[in-house]
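Chemist: Submitted below is the structure of interest, expressed as structure tokens.
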Amino acid sequence: MNVLLLLEERKVCQFDRSFIHTLRSNRTLSFDVSKSLTIKNRFKYAPSAIDIEKSGQYLISGNLGGSINIHDLATHKINCREELSPICSKRNSGHASSINSIKWYPLDTGIFVTGSSDKSVQVWDTNEMKAVEKFTFSGYVYHTDFSPRNGKTSHLIATALSNDQIRLCDIRTGSHSHTLRGHCSAVNNVVWSKRNSNGLMSCGQDGKIIMWDIRKSNAAMHYFDRENGSSQMAHGGSVFTMSQTEGGLFLVSHGQDQHIRCWDIISGENTMINFGVTPSVQANKVNSAISVNSCYPGLLYLPLNSTIAIYDILSGQHVNDLTAHFKHVTGVCFDNVGLRLFSCSNDGTILVWEPPAPEYDTEDKSAEENPYQDAWSDSD
């Protein structure tokens, strides 16, 4: 693959985008633990949730003790070994239990949100490192999500709760604006649609994945069905996690039935791509990531106990495993700018996964024949 040719073609705006997709996907398939960058955890508790903002500069993490760390990745010097310390931390966040979800506000890094097992969600001022708003619920908070679109719902936080409800919190008014009911058990994950600012998807321990239109009184628009029939069951057991591809065309889910399913969000149907059977996962929920810029529609990075499995979403092929953690991986997030993956685990570490450094030819070139060197010697 000729990278110099790509650069020349880019100058005159004549290049094949599939070439870029192939180049990037090859880089993200060959991930290894970074040899130059490690993330320092200032607290004794293991990280339980991580997120990276869209420019790829700030990594935020929450842990089992309710503490928060923020790392500035831009301060890391390339090709220099470094243990990166947090630029700011908060030991006493106000959460009395583990942080299960932590998210940057997509439109401004001056705001982030945390959700905890203490049945609360807190909205934070990043500059002051202080919680400025708190929402309380009757169930544990398993997951939160902001709408990625700058529209009428950009101020709403979708909250997945253990009492089978989804609550929408308005950060402008400090109140709960909606309650969505349709699950029969705890809700594990919520994801705002990237195509429709009023669309929301949720998955739960009842095996259901539901598409919601929050404008309607009967908000449940569609129940994803693994058989494309009328059973309303997406998985045969709890749905652990789901991730949306770039552009919002596909949704990928993983469940207790040890199956990964890819859904067409527009039609709501199972694409029937065969991902095979995954190992059994000892967890109620995990967070997966999709490498949205590597290839179309992307690669799925799925935590399976202490391993991160990589799947090609189009073919369902299991292409690689990332193994370095020695305890359960609780979350992953993908840096779309730097093409890096970050993972956190109960072993107390946050690991950086990146393509290996290029290997240079170190052979001694002096022994090669010089066409201008005299062929005679003193003995002649």
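Labels for the structure tokens follow display order: chains A, B, ..., residues from 1 in each chain, ligands from 1.
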I want to know what sits within 9 Å of range 320-336 of chain A, based on only C-alpha atoms, with residues of the same chain fewer than 6 positions away left out; could you give that as number ranges by chain?
Modeler: A: 29-33, 47-57, 282-283, 285-294, 301-311, 342-349, 351, 353
Chemist: Keeping only N, CA and C atoms, take the residues you just selected and write them out as a short mmCIF file (atom, residue, chain, number, x, y, z; two decimals), in the first residue's frame.
Modeler:
```
data_model
loop_
_atom_site.label_atom_id
_atom_site.label_comp_id
_atom_site.auth_asym_id
_atom_site.auth_seq_id
_atom_site.Cartn_x
_atom_site.Cartn_y
_atom_site.Cartn_z
N LEU A 29 -6.63 -3.12 13.43
CA LEU A 29 -6.64 -4.57 13.63
C LEU A 29 -5.39 -5.03 14.35
N SER A 30 -4.31 -4.28 14.25
CA SER A 30 -3.03 -4.72 14.80
C SER A 30 -2.69 -4.02 16.11
N PHE A 31 -3.71 -3.70 16.90
CA PHE A 31 -3.49 -3.01 18.17
C PHE A 31 -2.61 -3.83 19.12
N ASP A 32 -1.84 -3.10 19.90
CA ASP A 32 -1.06 -3.69 20.99
C ASP A 32 -1.01 -2.65 22.11
N VAL A 33 -0.69 -3.10 23.31
CA VAL A 33 -0.58 -2.17 24.43
C VAL A 33 0.52 -1.16 24.15
N PRO A 47 -10.94 1.56 38.06
CA PRO A 47 -11.81 2.36 37.20
C PRO A 47 -12.98 1.51 36.71
N SER A 48 -14.16 2.10 36.68
CA SER A 48 -15.37 1.37 36.30
C SER A 48 -16.05 1.93 35.06
N ALA A 49 -15.66 3.15 34.63
CA ALA A 49 -16.26 3.76 33.44
C ALA A 49 -15.28 4.78 32.86
N ILE A 50 -15.22 4.86 31.54
CA ILE A 50 -14.33 5.82 30.87
C ILE A 50 -15.04 6.42 29.67
N ASP A 51 -14.55 7.60 29.25
CA ASP A 51 -15.06 8.24 28.04
C ASP A 51 -13.99 9.19 27.53
N ILE A 52 -13.98 9.39 26.22
CA ILE A 52 -13.05 10.33 25.60
C ILE A 52 -13.85 11.31 24.76
N GLU A 53 -13.51 12.59 24.85
CA GLU A 53 -14.28 13.57 24.07
C GLU A 53 -13.85 13.53 22.61
N LYS A 54 -14.66 14.12 21.74
CA LYS A 54 -14.56 13.87 20.30
C LYS A 54 -13.26 14.36 19.66
N SER A 55 -12.56 15.32 20.27
CA SER A 55 -11.29 15.76 19.70
C SER A 55 -10.14 14.82 20.06
N GLY A 56 -10.39 13.90 20.99
CA GLY A 56 -9.38 12.94 21.39
C GLY A 56 -8.36 13.46 22.39
N GLN A 57 -8.64 14.62 23.01
CA GLN A 57 -7.65 15.21 23.91
C GLN A 57 -7.86 14.79 25.37
N GLN A 282 -19.38 -12.98 32.63
CA GLN A 282 -19.81 -12.93 34.02
C GLN A 282 -20.04 -11.48 34.44
N ALA A 283 -21.12 -10.88 33.91
CA ALA A 283 -21.42 -9.49 34.23
C ALA A 283 -22.84 -9.18 33.84
N LYS A 285 -23.61 -5.98 32.77
CA LYS A 285 -23.49 -5.03 31.68
C LYS A 285 -22.02 -4.71 31.45
N VAL A 286 -21.69 -4.40 30.21
CA VAL A 286 -20.37 -3.90 29.84
C VAL A 286 -20.57 -2.84 28.75
N ASN A 287 -19.54 -2.06 28.49
CA ASN A 287 -19.60 -1.06 27.44
C ASN A 287 -18.70 -1.48 26.28
N SER A 288 -19.24 -1.47 25.08
CA SER A 288 -18.47 -1.81 23.89
C SER A 288 -18.17 -0.54 23.11
N ALA A 289 -17.29 -0.66 22.11
CA ALA A 289 -16.94 0.50 21.29
C ALA A 289 -16.84 0.07 19.84
N ILE A 290 -17.08 1.00 18.94
CA ILE A 290 -16.97 0.76 17.51
C ILE A 290 -15.99 1.77 16.93
N SER A 291 -15.04 1.26 16.13
CA SER A 291 -14.04 2.15 15.54
C SER A 291 -14.66 2.81 14.32
N VAL A 292 -15.31 3.92 14.52
CA VAL A 292 -16.15 4.52 13.47
C VAL A 292 -15.35 5.04 12.29
N ASN A 293 -14.07 5.36 12.46
CA ASN A 293 -13.31 5.92 11.35
C ASN A 293 -12.37 4.91 10.69
N SER A 294 -12.37 3.66 11.13
CA SER A 294 -11.39 2.73 10.60
C SER A 294 -11.82 2.13 9.28
N TYR A 301 -15.29 -3.53 19.16
CA TYR A 301 -14.39 -3.91 20.25
C TYR A 301 -15.26 -4.29 21.44
N LEU A 302 -15.32 -5.58 21.74
CA LEU A 302 -16.27 -6.10 22.71
C LEU A 302 -15.54 -6.74 23.89
N PRO A 303 -15.67 -6.20 25.11
CA PRO A 303 -15.08 -6.84 26.28
C PRO A 303 -15.76 -8.18 26.57
N LEU A 304 -14.96 -9.22 26.68
CA LEU A 304 -15.45 -10.55 27.05
C LEU A 304 -14.60 -11.03 28.21
N ASN A 305 -15.07 -10.77 29.43
CA ASN A 305 -14.32 -11.05 30.65
C ASN A 305 -13.02 -10.25 30.64
N SER A 306 -11.83 -10.88 30.63
CA SER A 306 -10.57 -10.13 30.67
C SER A 306 -10.01 -9.85 29.28
N THR A 307 -10.73 -10.24 28.24
CA THR A 307 -10.28 -10.09 26.85
C THR A 307 -11.16 -9.09 26.12
N ILE A 308 -10.58 -8.40 25.14
CA ILE A 308 -11.34 -7.54 24.25
C ILE A 308 -11.32 -8.18 22.87
N ALA A 309 -12.48 -8.64 22.41
CA ALA A 309 -12.58 -9.30 21.11
C ALA A 309 -12.88 -8.28 20.03
N ILE A 310 -12.27 -8.44 18.85
CA ILE A 310 -12.48 -7.55 17.72
C ILE A 310 -13.25 -8.32 16.64
N TYR A 311 -14.36 -7.72 16.19
CA TYR A 311 -15.18 -8.32 15.15
C TYR A 311 -15.36 -7.35 14.00
N PHE A 342 -9.01 2.75 24.41
CA PHE A 342 -8.74 2.80 25.84
C PHE A 342 -9.67 1.80 26.53
N SER A 343 -9.13 1.08 27.49
CA SER A 343 -9.93 0.08 28.21
C SER A 343 -9.65 0.19 29.71
N CYS A 344 -10.69 -0.05 30.51
CA CYS A 344 -10.53 -0.05 31.96
C CYS A 344 -10.98 -1.40 32.51
N SER A 345 -10.42 -1.77 33.65
CA SER A 345 -10.62 -3.12 34.15
C SER A 345 -10.63 -3.14 35.67
N ASN A 346 -11.19 -4.23 36.20
CA ASN A 346 -11.17 -4.44 37.65
C ASN A 346 -9.77 -4.73 38.19
N ASP A 347 -8.79 -4.88 37.31
CA ASP A 347 -7.41 -5.04 37.78
C ASP A 347 -6.80 -3.70 38.18
N GLY A 348 -7.58 -2.60 38.06
CA GLY A 348 -7.14 -1.29 38.52
C GLY A 348 -6.43 -0.45 37.47
N THR A 349 -6.38 -0.92 36.23
CA THR A 349 -5.62 -0.21 35.20
C THR A 349 -6.53 0.34 34.09
N LEU A 351 -5.69 0.85 30.13
CA LEU A 351 -4.67 0.55 29.12
C LEU A 351 -4.94 1.32 27.84
N TRP A 353 -4.35 1.14 23.81
CA TRP A 353 -4.07 0.22 22.72
C TRP A 353 -3.88 1.03 21.45
#
```
Chemist: Taking only range 123-255 of chain A into account, list the residues labelled strand (DSSP E) by DSSP (computed from the backbone), as a PyMOL selection string.
Modeler: chain A and resi 123-125+130-136+141-146+156-161+165-170+175-181+187-192+199-204+209-213+220-223+239-244+250-255
Chemist: Which range 27-105 of chain A residues have any atom within 12 Å of an atom of range 180-200 of chain A, and for each, what is the nearest pair of atoms with distance in Å to one decimal, counting only C-alpha atoms, rows sorted by chain and number, as a tab-separated table?
Modeler:
```
residue	atom	partner	partner_atom	distance
A:Asn100	CA	A:Asn188	CA	10.4
A:Ser101	CA	A:Asn189	CA	9.9
A:Lys103	CA	A:Val191	CA	12.0
```
Chemist: Restricting the output to N, CA, C and O atoms, write the selected residues as a JSON list (two decimals), in the first residue's frame.
Modeler:
```json
[["chain", "number", "residue", "atom", "x", "y", "z"],
["A", 100, "ASN", "N", -21.02, 4.13, 37.53],
["A", 100, "ASN", "CA", -21.27, 3.16, 36.48],
["A", 100, "ASN", "C", -21.21, 3.75, 35.08],
["A", 100, "ASN", "O", -21.05, 3.02, 34.09],
["A", 101, "SER", "N", -21.35, 5.07, 34.98],
["A", 101, "SER", "CA", -21.34, 5.74, 33.68],
["A", 101, "SER", "C", -20.75, 7.12, 33.83],
["A", 101, "SER", "O", -21.05, 7.82, 34.81],
["A", 103, "LYS", "N", -19.81, 10.50, 31.10],
["A", 103, "LYS", "CA", -19.93, 10.95, 29.72],
["A", 103, "LYS", "C", -19.60, 12.43, 29.60],
["A", 103, "LYS", "O", -20.06, 13.25, 30.41]]
```
Chemist: I want to know what sits within 12 Å of range 131-135 of chain A, based on only C-alpha atoms, with residues of the same chain fewer than 2 positions away left out; could you give that as JSON, numbers by chain?
Modeler: {"A": [68, 90, 92, 93, 94, 95, 110, 111, 112, 113, 114, 115, 116, 118, 119, 120, 121, 122, 123, 124, 125, 126, 127, 128, 129, 137, 138, 139, 140, 141, 157, 158, 159, 167, 168, 169, 170, 171, 172, 173, 174, 175, 176, 177]}
Chemist: Which one of A:Ser85, A:Ser243, A:Ser67, A:Thr271 sits closest to Gly298 in chain A if you count only C-alpha atoms?
Modeler: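 Of all the options, A:Ser243 lies closest to Gly298 in chain A.
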Chemist: Tell me which of A:Ser280, A:Pro106, A:Ile210, A:Leu314 sits closest to Arg261 in chain A, counting only C-alpha atoms.
Modeler: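 Going through A:Ser280, A:Pro106, A:Ile210, A:Leu314 one by one, the smallest distance to Arg261 in chain A is for A:Leu314.
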Chemist: Just the residues within 6 Å of range 35-38 of chain A, please, counting only C-alpha atoms, with nothing from its chain fewer than 6 positions along; format it as a short mmCIF file (atom, residue, chain, number, x, y, z; two decimals) with N, CA and C atoms, in the first residue's frame.
Modeler:
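Listed below is the output, selection_18.cif:
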```cif
data_model
loop_
_atom_site.label_atom_id
_atom_site.label_comp_id
_atom_site.auth_asym_id
_atom_site.auth_seq_id
_atom_site.Cartn_x
_atom_site.Cartn_y
_atom_site.Cartn_z
N CYS A 80 7.94 9.13 23.50
CA CYS A 80 8.57 9.25 24.82
C CYS A 80 7.79 8.39 25.81
N ARG A 81 8.51 7.58 26.57
CA ARG A 81 7.87 6.77 27.59
C ARG A 81 7.38 7.67 28.71
N GLU A 82 6.11 7.51 29.08
CA GLU A 82 5.56 8.42 30.08
C GLU A 82 4.38 7.77 30.79
N GLU A 83 4.33 7.96 32.10
CA GLU A 83 3.14 7.63 32.88
C GLU A 83 2.37 8.92 33.06
#
```
Chemist: Just want the 9 Å neighbourhood of Gly316 in chain A, counted on only C-alpha atoms, with same-chain residues fewer than 6 positions away dropped. Output as a VMD selection string.
Modeler: chain A and resid 260 262 273 to 276
Chemist: Applying 6 Å and only C-alpha atoms, which residues near range 69-79 of chain A remain after dropping the ones on its own chain fewer than 4 positions away? List them as a list in words.
Modeler: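 Contacts, in chain order: Gln57, Tyr58, Leu59, Ile60, Ser61, Pro86, Ile87, Cys88 and Ser89 of chain A.
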Chemist: Got time to write the residues from that selection, C-alpha atoms, as a PDB file, in the first residue's frame?
Modeler:
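In the end it all went to result-v4.pdb:
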```pdb
ATOM      1  CA  GLN A  57      -7.650  15.206  23.913  1.00  0.00           C
ATOM      2  CA  TYR A  58      -9.353  14.565  27.263  1.00  0.00           C
ATOM      3  CA  LEU A  59      -9.904  11.133  28.793  1.00  0.00           C
ATOM      4  CA  ILE A  60     -12.230  10.959  31.799  1.00  0.00           C
ATOM      5  CA  SER A  61     -12.723   8.029  34.159  1.00  0.00           C
ATOM      6  CA  PRO A  86      -4.332  13.303  35.743  1.00  0.00           C
ATOM      7  CA  ILE A  87      -4.567  17.057  35.250  1.00  0.00           C
ATOM      8  CA  CYS A  88      -7.388  17.115  37.796  1.00  0.00           C
ATOM      9  CA  SER A  89      -9.030  14.637  40.161  1.00  0.00           C
TER      10      SER A  89
END
```
Chemist: Which residues come within 10 Å of Ala234 in chain A, counting only C-alpha atoms, excluding same-chain residues fewer than 4 positions away, as an mmCIF file with all heavy atoms, in the first residue's frame?
Modeler:
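Writing done, so here's result_2.cif:
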```cif
data_model
loop_
_atom_site.group_PDB
_atom_site.id
_atom_site.type_symbol
_atom_site.label_atom_id
_atom_site.label_comp_id
_atom_site.auth_asym_id
_atom_site.auth_seq_id
_atom_site.Cartn_x
_atom_site.Cartn_y
_atom_site.Cartn_z
ATOM 1 N N CYS A 203 -31.644 -1.077 25.909
ATOM 2 C CA CYS A 203 -31.615 -2.533 26.052
ATOM 3 C C CYS A 203 -31.656 -2.871 27.529
ATOM 4 O O CYS A 203 -31.218 -2.088 28.386
ATOM 5 C CB CYS A 203 -30.384 -3.138 25.386
ATOM 6 S SG CYS A 203 -28.799 -2.696 26.147
ATOM 7 N N GLY A 204 -32.207 -4.054 27.838
ATOM 8 C CA GLY A 204 -32.411 -4.394 29.238
ATOM 9 C C GLY A 204 -32.171 -5.854 29.563
ATOM 10 O O GLY A 204 -31.886 -6.684 28.691
ATOM 11 N N ASP A 206 -34.362 -7.864 30.364
ATOM 12 C CA ASP A 206 -35.501 -8.653 29.890
ATOM 13 C C ASP A 206 -35.290 -9.171 28.473
ATOM 14 O O ASP A 206 -36.180 -9.801 27.895
ATOM 15 C CB ASP A 206 -36.789 -7.830 29.954
ATOM 16 C CG ASP A 206 -36.691 -6.503 29.193
ATOM 17 O OD1 ASP A 206 -35.643 -6.259 28.551
ATOM 18 O OD2 ASP A 206 -37.656 -5.722 29.244
ATOM 19 N N GLY A 207 -34.102 -8.906 27.869
ATOM 20 C CA GLY A 207 -33.806 -9.374 26.521
ATOM 21 C C GLY A 207 -34.332 -8.480 25.426
ATOM 22 O O GLY A 207 -34.224 -8.819 24.246
ATOM 23 N N LYS A 208 -34.895 -7.322 25.769
ATOM 24 C CA LYS A 208 -35.508 -6.443 24.776
ATOM 25 C C LYS A 208 -34.575 -5.294 24.388
ATOM 26 O O LYS A 208 -33.804 -4.794 25.208
ATOM 27 C CB LYS A 208 -36.819 -5.862 25.302
ATOM 28 C CG LYS A 208 -37.907 -6.895 25.560
ATOM 29 C CD LYS A 208 -39.156 -6.232 26.119
ATOM 30 C CE LYS A 208 -40.258 -7.253 26.400
ATOM 31 N NZ LYS A 208 -41.465 -6.611 26.975
ATOM 32 N N ILE A 209 -34.683 -4.882 23.118
ATOM 33 C CA ILE A 209 -34.106 -3.630 22.632
ATOM 34 C C ILE A 209 -35.262 -2.831 22.042
ATOM 35 O O ILE A 209 -35.977 -3.323 21.162
ATOM 36 C CB ILE A 209 -33.024 -3.855 21.568
ATOM 37 C CG1 ILE A 209 -31.868 -4.680 22.134
ATOM 38 C CG2 ILE A 209 -32.508 -2.518 21.041
ATOM 39 C CD1 ILE A 209 -30.793 -5.009 21.111
ATOM 40 N N ILE A 210 -35.443 -1.612 22.527
ATOM 41 C CA ILE A 210 -36.594 -0.802 22.139
ATOM 42 C C ILE A 210 -36.125 0.491 21.494
ATOM 43 O O ILE A 210 -35.186 1.136 21.974
ATOM 44 C CB ILE A 210 -37.491 -0.473 23.356
ATOM 45 C CG1 ILE A 210 -37.911 -1.760 24.083
ATOM 46 C CG2 ILE A 210 -38.718 0.318 22.934
ATOM 47 C CD1 ILE A 210 -38.709 -1.505 25.358
ATOM 48 N N TYR A 223 -39.937 -2.741 18.724
ATOM 49 C CA TYR A 223 -39.200 -3.729 19.505
ATOM 50 C C TYR A 223 -38.367 -4.560 18.527
ATOM 51 O O TYR A 223 -38.913 -5.212 17.632
ATOM 52 C CB TYR A 223 -40.161 -4.634 20.283
ATOM 53 C CG TYR A 223 -40.858 -3.953 21.436
ATOM 54 C CD1 TYR A 223 -41.987 -3.160 21.233
ATOM 55 C CD2 TYR A 223 -40.391 -4.101 22.738
ATOM 56 C CE1 TYR A 223 -42.628 -2.528 22.283
ATOM 57 C CE2 TYR A 223 -41.030 -3.481 23.806
ATOM 58 C CZ TYR A 223 -42.138 -2.699 23.573
ATOM 59 O OH TYR A 223 -42.771 -2.081 24.624
ATOM 60 N N PHE A 224 -37.066 -4.548 18.694
ATOM 61 C CA PHE A 224 -36.190 -5.319 17.812
ATOM 62 C C PHE A 224 -36.390 -6.816 18.084
ATOM 63 O O PHE A 224 -36.351 -7.247 19.237
ATOM 64 C CB PHE A 224 -34.732 -4.931 18.038
ATOM 65 C CG PHE A 224 -34.391 -3.542 17.582
ATOM 66 C CD1 PHE A 224 -34.688 -2.436 18.372
ATOM 67 C CD2 PHE A 224 -33.776 -3.325 16.363
ATOM 68 C CE1 PHE A 224 -34.378 -1.156 17.968
ATOM 69 C CE2 PHE A 224 -33.446 -2.046 15.944
ATOM 70 C CZ PHE A 224 -33.758 -0.960 16.733
ATOM 71 N N ASP A 225 -36.580 -7.583 17.019
ATOM 72 C CA ASP A 225 -36.895 -9.006 17.131
ATOM 73 C C ASP A 225 -35.824 -9.829 16.418
ATOM 74 O O ASP A 225 -35.562 -9.625 15.227
ATOM 75 C CB ASP A 225 -38.273 -9.285 16.519
ATOM 76 C CG ASP A 225 -38.705 -10.729 16.648
ATOM 77 O OD1 ASP A 225 -37.981 -11.507 17.287
ATOM 78 O OD2 ASP A 225 -39.757 -11.073 16.096
ATOM 79 N N ARG A 226 -35.195 -10.754 17.137
ATOM 80 C CA ARG A 226 -34.101 -11.540 16.563
ATOM 81 C C ARG A 226 -34.547 -12.390 15.381
ATOM 82 O O ARG A 226 -33.746 -12.743 14.523
ATOM 83 C CB ARG A 226 -33.493 -12.448 17.643
ATOM 84 C CG ARG A 226 -34.488 -13.381 18.304
ATOM 85 C CD ARG A 226 -33.921 -14.086 19.502
ATOM 86 N NE ARG A 226 -34.956 -14.812 20.225
ATOM 87 C CZ ARG A 226 -34.750 -15.474 21.351
ATOM 88 N NH1 ARG A 226 -33.541 -15.511 21.880
ATOM 89 N NH2 ARG A 226 -35.741 -16.099 21.948
ATOM 90 N N GLU A 227 -35.846 -12.746 15.317
ATOM 91 C CA GLU A 227 -36.379 -13.551 14.217
ATOM 92 C C GLU A 227 -37.086 -12.695 13.161
ATOM 93 O O GLU A 227 -37.664 -13.239 12.210
ATOM 94 C CB GLU A 227 -37.356 -14.605 14.753
ATOM 95 C CG GLU A 227 -36.775 -15.532 15.800
ATOM 96 C CD GLU A 227 -35.665 -16.417 15.249
ATOM 97 O OE1 GLU A 227 -35.630 -16.609 14.010
ATOM 98 O OE2 GLU A 227 -34.835 -16.900 16.036
ATOM 99 N N ASN A 228 -37.056 -11.373 13.349
ATOM 100 C CA ASN A 228 -37.778 -10.446 12.463
ATOM 101 C C ASN A 228 -39.264 -10.803 12.380
ATOM 102 O O ASN A 228 -39.885 -10.726 11.319
ATOM 103 C CB ASN A 228 -37.145 -10.426 11.063
ATOM 104 C CG ASN A 228 -35.777 -9.769 11.056
ATOM 105 O OD1 ASN A 228 -35.483 -8.904 11.883
ATOM 106 N ND2 ASN A 228 -34.925 -10.188 10.133
ATOM 107 N N SER A 238 -30.456 -11.410 29.166
ATOM 108 C CA SER A 238 -30.094 -10.003 29.324
ATOM 109 C C SER A 238 -29.259 -9.502 28.155
ATOM 110 O O SER A 238 -28.388 -10.207 27.642
ATOM 111 C CB SER A 238 -29.310 -9.823 30.632
ATOM 112 O OG SER A 238 -28.911 -8.482 30.809
ATOM 113 N N VAL A 239 -29.546 -8.264 27.707
ATOM 114 C CA VAL A 239 -28.730 -7.607 26.686
ATOM 115 C C VAL A 239 -27.682 -6.778 27.418
ATOM 116 O O VAL A 239 -28.011 -5.794 28.073
ATOM 117 C CB VAL A 239 -29.582 -6.718 25.758
ATOM 118 C CG1 VAL A 239 -28.716 -6.170 24.626
ATOM 119 C CG2 VAL A 239 -30.763 -7.495 25.200
ATOM 120 N N SER A 253 -25.453 -5.365 19.137
ATOM 121 C CA SER A 253 -25.762 -5.716 20.534
ATOM 122 C C SER A 253 -25.152 -7.062 20.891
ATOM 123 O O SER A 253 -24.901 -7.907 20.028
ATOM 124 C CB SER A 253 -27.284 -5.757 20.747
ATOM 125 O OG SER A 253 -27.874 -6.771 19.934
ATOM 126 N N HIS A 254 -24.939 -7.252 22.188
ATOM 127 C CA HIS A 254 -24.400 -8.517 22.699
ATOM 128 C C HIS A 254 -25.199 -8.901 23.932
ATOM 129 O O HIS A 254 -25.502 -8.051 24.781
ATOM 130 C CB HIS A 254 -22.921 -8.373 23.053
ATOM 131 C CG HIS A 254 -22.328 -9.604 23.652
ATOM 132 N ND1 HIS A 254 -21.682 -9.616 24.878
ATOM 133 C CD2 HIS A 254 -22.305 -10.894 23.210
ATOM 134 C CE1 HIS A 254 -21.275 -10.842 25.145
ATOM 135 N NE2 HIS A 254 -21.640 -11.634 24.150
ATOM 136 N N GLY A 255 -25.554 -10.195 24.025
ATOM 137 C CA GLY A 255 -26.432 -10.622 25.109
ATOM 138 C C GLY A 255 -25.959 -11.843 25.865
ATOM 139 O O GLY A 255 -24.948 -12.474 25.523
ATOM 140 N N ARG A 261 -25.550 -9.458 17.671
ATOM 141 C CA ARG A 261 -26.485 -9.214 16.572
ATOM 142 C C ARG A 261 -26.299 -7.803 16.029
ATOM 143 O O ARG A 261 -26.073 -6.862 16.790
ATOM 144 C CB ARG A 261 -27.932 -9.441 17.023
ATOM 145 C CG ARG A 261 -28.201 -10.897 17.364
ATOM 146 C CD ARG A 261 -29.685 -11.236 17.479
ATOM 147 N NE ARG A 261 -29.847 -12.683 17.530
ATOM 148 C CZ ARG A 261 -29.858 -13.393 18.659
ATOM 149 N NH1 ARG A 261 -29.760 -12.791 19.819
ATOM 150 N NH2 ARG A 261 -29.988 -14.712 18.619
ATOM 151 N N TRP A 263 -28.174 -4.878 13.811
ATOM 152 C CA TRP A 263 -29.523 -4.455 13.453
ATOM 153 C C TRP A 263 -29.476 -3.286 12.483
ATOM 154 O O TRP A 263 -28.679 -2.369 12.635
ATOM 155 C CB TRP A 263 -30.287 -4.029 14.718
ATOM 156 C CG TRP A 263 -30.241 -5.027 15.826
ATOM 157 C CD1 TRP A 263 -29.293 -5.118 16.813
ATOM 158 C CD2 TRP A 263 -31.174 -6.075 16.075
ATOM 159 N NE1 TRP A 263 -29.584 -6.154 17.658
ATOM 160 C CE2 TRP A 263 -30.733 -6.766 17.237
ATOM 161 C CE3 TRP A 263 -32.345 -6.504 15.445
ATOM 162 C CZ2 TRP A 263 -31.415 -7.856 17.766
ATOM 163 C CZ3 TRP A 263 -33.030 -7.585 15.966
ATOM 164 C CH2 TRP A 263 -32.570 -8.251 17.108
ATOM 165 N N ASN A 270 -33.178 -7.509 12.074
ATOM 166 C CA ASN A 270 -31.936 -8.218 12.283
ATOM 167 C C ASN A 270 -31.302 -8.497 10.921
ATOM 168 O O ASN A 270 -31.949 -9.057 10.032
ATOM 169 C CB ASN A 270 -32.224 -9.530 13.021
ATOM 170 C CG ASN A 270 -30.964 -10.309 13.360
ATOM 171 O OD1 ASN A 270 -29.856 -9.884 13.077
ATOM 172 N ND2 ASN A 270 -31.148 -11.463 13.982
#
```
Chemist: Find the distance between CA of Glu354 in chain A and CA of Gly338 in chain A and write it in Å to one decimal.
Modeler: 8.7 Å
